[in-house]
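**Student:** Encoded as structure tokens, here's the structure I'll be asking about.
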Amino acid sequence: MEVHDNVGVQVGDGNTQYLQLPPAAPVTWPVRVGVLPPVADRYQHRAAEAELSGKSAVLSGLGGVGKSQLAARHAHAVWRDESVDLVVWIAAVTRVAVISAYADAAGRVLRDAGGTPEDAAAAFQTWLSSTDRRWLVVLDDVQDPADLKGLWPPSSPTGQVVVTTRRRDAALSRDDRRLVEVGVFTEAESLAYLTAKLPGHDQLPALADDLGHLPLALAQAAAFIADKPLLTVADYRKRLADRRSLAQVLPTEGELPDEHRATVAATWSLSIERADALRPEGLARPLLEIISLLDPAGTPVAVLTAGNVLASLVVDADDVHDALGCLHRLSLITLDTGTIQAHALLQRAVRDTIGPSRITPLAHLAADALLLTWPGYEANSALAGSLRSAAAALHRNTAPALWEPRGHAILIHAGRSTGEAGLYTDAIDYFRELRRQAEHHLGPDHEDSLNARNEIATWSGRAGRHDEAVAEDERLVADTTRVLGPDDVNTLAARSNRAHWRAEAGDQAGAIAELERILSHRIEVLGPDHQHTLGTRHNLAGWRAAAGDHAGAIAEFERVVADHVRALGPDHPQTLTARYNLAAWRGMAGEHGRVVGEFGRLVVDRGRVLGVDHPDTLMTRFNLALARLKSGDLATALVETRELLADHVRVLGPDHPDTVIIGRAVREWSDLAQDGLEGQLGGADELGVTTEGRGDDPGAADRA
């Protein structure tokens, strides 16, 4: 006997008649709810696919990395599995959309789904938790984890949940579902995709690099190029490089491939709005604007909490940290060990929104923040390296903003940092390019152009290219004399530096004669107690000692040190330099016992004034160890030098020239100790003590 449901119907005479309706049709399995997106053309298999093998997962990442495509590929594969009974695909952009989709699914798998959509959604979740049928629910593009409160599909041995989202809130990760960070394509995946989409084109690896291996950008750029038969990849890369907006180098919405819903820039706009709306409201966007000017590979968080940034935004460091956390939660940046990483195309999209009138003040704000963050002394550390990269990116992304109205101090500072890290050739190349830019923007006689030329000479000399340094300083002396006058501090500095590099090139007699003339000139112009006058006396004594007059030079060094203490104070860096060189030349004269005491006291004083990790302090420690060695105490010298080598590697890096010197000393002195040759210094003297230790370069003291 067939059972029918009874439904009451009001008829015209006011009586109620009951109609018998047929039962709901039985469910025909398998069931698919929602429309699965098609898999993109030339889909690339990715490592993240393994994370979806039967496990519930949240795919999180920047918009455009291909999270939905990974989920769609997985859903299509599951649908083809005959043992799976239900696949539900939900565009989960709002809570209402999720409830509506759940209610639709309930109507498909339940005989009575309940009254309201909320009731039906609850009934569907209950069914998921109790059924023995295999199922997959995909919640695509979740905008806010709060939208899923009370709506997460239950954990079930027969079911799987896959969520895609740009969020990476802690609430998304649980024991029964893993949070999978989806990144950009690998180089191999990018090349395979572009080769398939743009056959016959060259420069594809470079194009992938230009686009940061972002799958969405690769697809849209490939479509843009393919639609223009006369456009080569090389031509397209030139368009990218000439700082056009992204809108000019990617398809319009009507030309998007693979059913993309938005352009690259539009893909991120909603995430930026959401981040800016999170507490502290209105701070995420201005911080992202600053970040967009800096290095995508990693800018120190400290730059964003520099005093000038806090004052400009009228916030405190805690507010900045919280706002950066919001950007991180929306996958717009990645916070990792105190650094900020951002995709280069995202940065470019943000820069496109910064009006021309705002770019220069924003660039100067960022440049000032970099200077405030820079350590007080140079080291080849991760911090200094990341600040140099950030400065280079800032200059590249905002040019010519840092030349308005003249060269910003960050331009010289970043180049000097490069040289102080031991990267002499890079420093020379940097300042040659800076000179070209300065002359282009400000003219060849501008102070910034002359300063760049002075730096070229300095780092050429530090690199051992003494003849080049002399030649550059010859031209610089002539031009500073013509432009600034013979008495200008920069002219006198150029003359002093020329004398120094002339001595390094072998003409010590000529250098001494020149320094004597400079000393007379500086006494006349600056007075006997001026820092530069005292520096010239110091340099003159050093080169006289190098020329063989040890006794006379030591006597002059003693007077120079006394005058430095009187005129500049005992803790002035130049006073400490004079003490260093006095001790060094006493050591060269054989007064090793006395020198051990002097270097020992200087290590303490330099550590107190400059810092224990300052390169000058480190080099003083080496000369103390060398003095111990020459006085016969090899054991103590070797212990101290091994400790010093570890500090050099930590502070300056393993490839810094000073680190190399210390490493060679450790090896040579270890051999002496092993062979029992404490009294035979062997090659140790090759490391020597010179008056030009780190930071003690006579030319450096005269750099105006």
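Labeling convention for the structure tokens: chains A, B, ... as they appear, residues from 1 per chain, ligands from 1 in order of appearance.
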Using only C-alpha atoms, I'd like a table of the residues in range 106-209 of chain A that come within 10 Å of range 326-342 of chain A; for each, show the closest atom pair and its distance in Å rounded to one decimal, ordered by chain and ascending number, as a tab-separated table.
**Tutor:**
residue	atom	partner	partner_atom	distance
A:Gln143	CA	A:Leu330	CA	9.0
A:Asp144	CA	A:Leu330	CA	9.4
A:Thr165	CA	A:Leu330	CA	8.7
A:Arg166	CA	A:Leu330	CA	5.4
A:Arg167	CA	A:Leu330	CA	4.6
A:Arg168	CA	A:Arg329	CA	4.9
A:Asp169	CA	A:Arg329	CA	5.6
A:Ala170	CA	A:Arg329	CA	8.8
A:Glu181	CA	A:Ser331	CA	9.6
**Student:** With only C-alpha atoms as the basis for distance, which of A:Gly542, A:Gly183, A:Pro257, A:Gly159 is at the shortest distance from Val88 in chain A?
**Tutor:**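 Checking each of A:Gly542, A:Gly183, A:Pro257, A:Gly159 against Val88 in chain A, counting only C-alpha atoms, the winner is A:Gly159.
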**Student:** Hey, what does DSSP flag as alpha helix (DSSP H) within range 596-680 of chain A? Can you give it to me as JSON, numbers by chain?
**Tutor:** {"A": [596, 597, 598, 599, 600, 601, 602, 603, 604, 605, 606, 607, 608, 609, 615, 616, 617, 618, 619, 620, 621, 622, 623, 624, 625, 626, 627, 628, 629, 630, 634, 635, 636, 637, 638, 639, 640, 641, 642, 643, 644, 645, 646, 647, 648, 649, 650, 651, 652, 657, 658, 659, 660, 661, 662, 663, 664, 665, 666, 667, 668, 669, 670, 671, 672, 673, 674, 675]}
**Student:** Could you save those same residues with C-alpha atoms as a short mmCIF file (atom, residue, chain, number, x, y, z; two decimals), in the first residue's frame?
**Tutor:**
data_model
loop_
_atom_site.label_atom_id
_atom_site.label_comp_id
_atom_site.auth_asym_id
_atom_site.auth_seq_id
_atom_site.Cartn_x
_atom_site.Cartn_y
_atom_site.Cartn_z
CA VAL A 596 99.70 44.69 25.61
CA GLY A 597 98.63 47.05 28.38
CA GLU A 598 97.75 49.91 26.01
CA PHE A 599 95.69 47.71 23.69
CA GLY A 600 94.04 46.08 26.70
CA ARG A 601 92.87 49.45 28.01
CA LEU A 602 91.81 50.54 24.53
CA VAL A 603 89.67 47.40 24.08
CA VAL A 604 87.80 48.37 27.24
CA ASP A 605 87.41 52.02 26.21
CA ARG A 606 86.35 51.28 22.65
CA GLY A 607 83.90 48.67 23.88
CA ARG A 608 82.43 51.22 26.30
CA VAL A 609 82.24 54.10 23.80
CA PRO A 615 84.50 46.74 14.06
CA ASP A 616 87.08 49.07 15.63
CA THR A 617 86.71 47.26 18.96
CA LEU A 618 87.07 43.91 17.22
CA MET A 619 90.23 44.96 15.38
CA THR A 620 91.70 46.32 18.61
CA ARG A 621 91.12 42.90 20.18
CA PHE A 622 93.05 41.32 17.30
CA ASN A 623 95.99 43.67 17.79
CA LEU A 624 95.92 42.92 21.51
CA ALA A 625 96.17 39.21 20.69
CA LEU A 626 99.00 39.90 18.23
CA ALA A 627 100.86 41.91 20.88
CA ARG A 628 100.49 38.97 23.29
CA LEU A 629 101.86 36.65 20.63
CA LYS A 630 104.90 38.87 20.02
CA LEU A 634 100.98 32.29 22.29
CA ALA A 635 98.47 30.30 24.36
CA THR A 636 96.50 33.36 25.50
CA ALA A 637 96.75 34.95 22.05
CA LEU A 638 95.32 31.84 20.41
CA VAL A 639 92.41 31.56 22.86
CA GLU A 640 91.52 35.23 22.38
CA THR A 641 91.80 35.04 18.61
CA ARG A 642 89.55 31.98 18.38
CA GLU A 643 86.93 33.84 20.42
CA LEU A 644 87.45 36.88 18.19
CA LEU A 645 86.95 34.81 15.02
CA ALA A 646 83.55 33.63 16.29
CA ASP A 647 82.57 37.24 16.98
CA HIS A 648 83.76 38.37 13.55
CA VAL A 649 81.70 35.69 11.83
CA ARG A 650 78.66 36.67 13.89
CA VAL A 651 79.02 40.42 13.42
CA LEU A 652 80.71 40.91 10.06
CA PRO A 657 88.06 40.87 4.72
CA ASP A 658 88.67 41.31 8.46
CA THR A 659 87.16 37.89 9.17
CA VAL A 660 89.45 36.37 6.56
CA ILE A 661 92.48 37.94 8.27
CA ILE A 662 91.44 36.62 11.69
CA GLY A 663 90.76 33.17 10.27
CA ARG A 664 94.23 33.04 8.72
CA ALA A 665 95.76 34.08 12.03
CA VAL A 666 93.93 31.30 13.88
CA ARG A 667 95.22 28.69 11.41
CA GLU A 668 98.80 29.94 11.46
CA TRP A 669 98.97 30.35 15.21
CA SER A 670 97.37 26.95 15.75
CA ASP A 671 100.14 25.44 13.62
CA LEU A 672 102.74 27.23 15.74
CA ALA A 673 101.18 25.87 18.93
CA GLN A 674 100.93 22.35 17.53
CA ASP A 675 104.57 22.39 16.46
#
**Student:** Skip Asn451 in chain A itself and residues of its chain fewer than 3 positions away, then list as a PyMOL selection string all residues within 12 Å of it, counting only C-alpha atoms.
**Tutor:** chain A and resi 407+409+411-413+415-416+431-432+434-436+438-439+444-448+454-458+472-473+476-477+479-480+490-491+493-494+703-704
**Student:** Output N, CA and C atoms for every residue in that selection, as a compact mmCIF listing (two decimals), in the first residue's frame.
**Tutor:**
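Result went into again-v8.txt, see below:
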# COMPACT_ATOMS: atom_id res chain seq x y z
N GLY A 407 69.89 65.14 -3.21
CA GLY A 407 70.01 63.74 -2.85
C GLY A 407 69.74 63.49 -1.37
N ALA A 409 70.00 61.70 2.19
CA ALA A 409 71.16 61.12 2.86
C ALA A 409 71.21 59.60 2.75
N LEU A 411 70.97 57.81 0.23
CA LEU A 411 71.67 57.38 -0.98
C LEU A 411 73.16 57.18 -0.71
N ILE A 412 73.77 58.12 -0.01
CA ILE A 412 75.19 57.98 0.36
C ILE A 412 75.35 56.91 1.42
N HIS A 413 74.44 56.89 2.38
CA HIS A 413 74.56 55.96 3.51
C HIS A 413 74.51 54.51 3.04
N GLY A 415 75.35 53.30 0.15
CA GLY A 415 76.59 52.96 -0.55
C GLY A 415 77.74 52.74 0.39
N ARG A 416 77.86 53.59 1.41
CA ARG A 416 78.93 53.40 2.40
C ARG A 416 78.73 52.09 3.15
N PHE A 431 78.53 53.83 -6.39
CA PHE A 431 78.77 55.27 -6.39
C PHE A 431 79.02 55.81 -7.80
N ARG A 432 79.49 55.00 -8.69
CA ARG A 432 79.58 55.46 -10.08
C ARG A 432 78.19 55.73 -10.65
N LEU A 434 75.56 56.38 -8.80
CA LEU A 434 75.02 57.51 -8.05
C LEU A 434 75.57 58.82 -8.59
N ARG A 435 76.84 58.83 -8.98
CA ARG A 435 77.41 60.04 -9.58
C ARG A 435 76.68 60.38 -10.87
N ARG A 436 76.41 59.36 -11.68
CA ARG A 436 75.69 59.62 -12.95
C ARG A 436 74.33 60.23 -12.67
N ALA A 438 73.36 61.85 -9.93
CA ALA A 438 73.50 63.17 -9.31
C ALA A 438 73.79 64.23 -10.37
N GLU A 439 74.69 63.91 -11.28
CA GLU A 439 75.01 64.87 -12.33
C GLU A 439 73.82 65.11 -13.25
N PRO A 444 76.96 68.56 -12.59
CA PRO A 444 78.26 67.98 -12.20
C PRO A 444 78.95 68.71 -11.06
N ASP A 445 78.61 70.00 -10.84
CA ASP A 445 79.29 70.76 -9.80
C ASP A 445 78.52 70.79 -8.49
N HIS A 446 77.40 70.10 -8.43
CA HIS A 446 76.63 70.09 -7.19
C HIS A 446 77.39 69.30 -6.12
N GLU A 447 77.18 69.67 -4.88
CA GLU A 447 77.87 69.00 -3.77
C GLU A 447 77.63 67.50 -3.77
N ASP A 448 76.40 67.07 -4.12
CA ASP A 448 76.10 65.64 -4.12
C ASP A 448 76.91 64.91 -5.19
N ASN A 454 83.96 61.54 -4.41
CA ASN A 454 84.83 61.27 -3.26
C ASN A 454 84.67 59.83 -2.80
N GLU A 455 83.43 59.32 -2.80
CA GLU A 455 83.20 57.94 -2.39
C GLU A 455 83.82 56.95 -3.38
N ILE A 456 83.77 57.28 -4.67
CA ILE A 456 84.40 56.41 -5.68
C ILE A 456 85.89 56.26 -5.38
N ALA A 457 86.53 57.39 -5.09
CA ALA A 457 87.96 57.36 -4.78
C ALA A 457 88.23 56.56 -3.50
N THR A 458 87.41 56.80 -2.48
CA THR A 458 87.62 56.12 -1.20
C THR A 458 87.54 54.61 -1.34
N GLU A 472 91.30 59.73 -9.34
CA GLU A 472 89.98 60.31 -9.07
C GLU A 472 90.10 61.51 -8.14
N ASP A 473 90.96 61.39 -7.12
CA ASP A 473 91.14 62.51 -6.19
C ASP A 473 91.85 63.69 -6.85
N LEU A 476 89.16 65.45 -8.50
CA LEU A 476 88.25 66.01 -7.50
C LEU A 476 88.85 67.25 -6.86
N VAL A 477 90.15 67.23 -6.57
CA VAL A 477 90.80 68.40 -6.00
C VAL A 477 90.67 69.60 -6.94
N ASP A 479 88.39 70.15 -9.20
CA ASP A 479 87.00 70.62 -9.33
C ASP A 479 86.49 71.25 -8.03
N THR A 480 86.86 70.70 -6.86
CA THR A 480 86.42 71.33 -5.61
C THR A 480 87.10 72.68 -5.41
N ASN A 490 85.84 70.63 2.08
CA ASN A 490 85.81 69.52 1.14
C ASN A 490 87.04 69.50 0.24
N THR A 491 87.53 70.68 -0.13
CA THR A 491 88.74 70.75 -0.94
C THR A 491 89.94 70.21 -0.15
N ALA A 493 89.81 68.17 2.35
CA ALA A 493 89.62 66.73 2.55
C ALA A 493 90.05 65.96 1.31
N ALA A 494 89.69 66.47 0.12
CA ALA A 494 90.09 65.80 -1.11
C ALA A 494 91.61 65.77 -1.24
N ARG A 703 87.12 62.68 5.78
CA ARG A 703 85.94 62.69 4.91
C ARG A 703 84.96 63.73 5.42
N ALA A 704 84.73 64.75 4.64
CA ALA A 704 83.87 65.85 5.09
C ALA A 704 82.41 65.51 4.94
**Student:** Write out as a ChimeraX atom specification which residues come within 9 Å of Gly212 in chain A when counting only C-alpha atoms, dropping same-chain ones fewer than 3 positions away.
**Tutor:** /A:184-185,207-209,215,217-218,343-345
**Student:** Quick one: residues within 10 Å of range 581-589 of chain A, only C-alpha atoms counted, chain neighbours fewer than 2 positions away excluded, as JSON, numbers by chain?
**Tutor:** {"A": [538, 539, 541, 542, 545, 546, 550, 551, 553, 554, 555, 556, 557, 558, 560, 561, 576, 577, 578, 579, 591, 592, 593, 594, 595, 596, 597, 598, 599, 602, 620, 623, 624, 626, 627, 630, 631, 688, 689, 690, 691, 692, 693, 696]}
**Student:** Please indicate the distance in Å from CA of Ser83 in chain A to CA of Val180 in chain A, rounded to one decimal place.
**Tutor:**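 Straight-line distance from CA of Ser83 in chain A to CA of Val180 in chain A works out to 25.9 Å.
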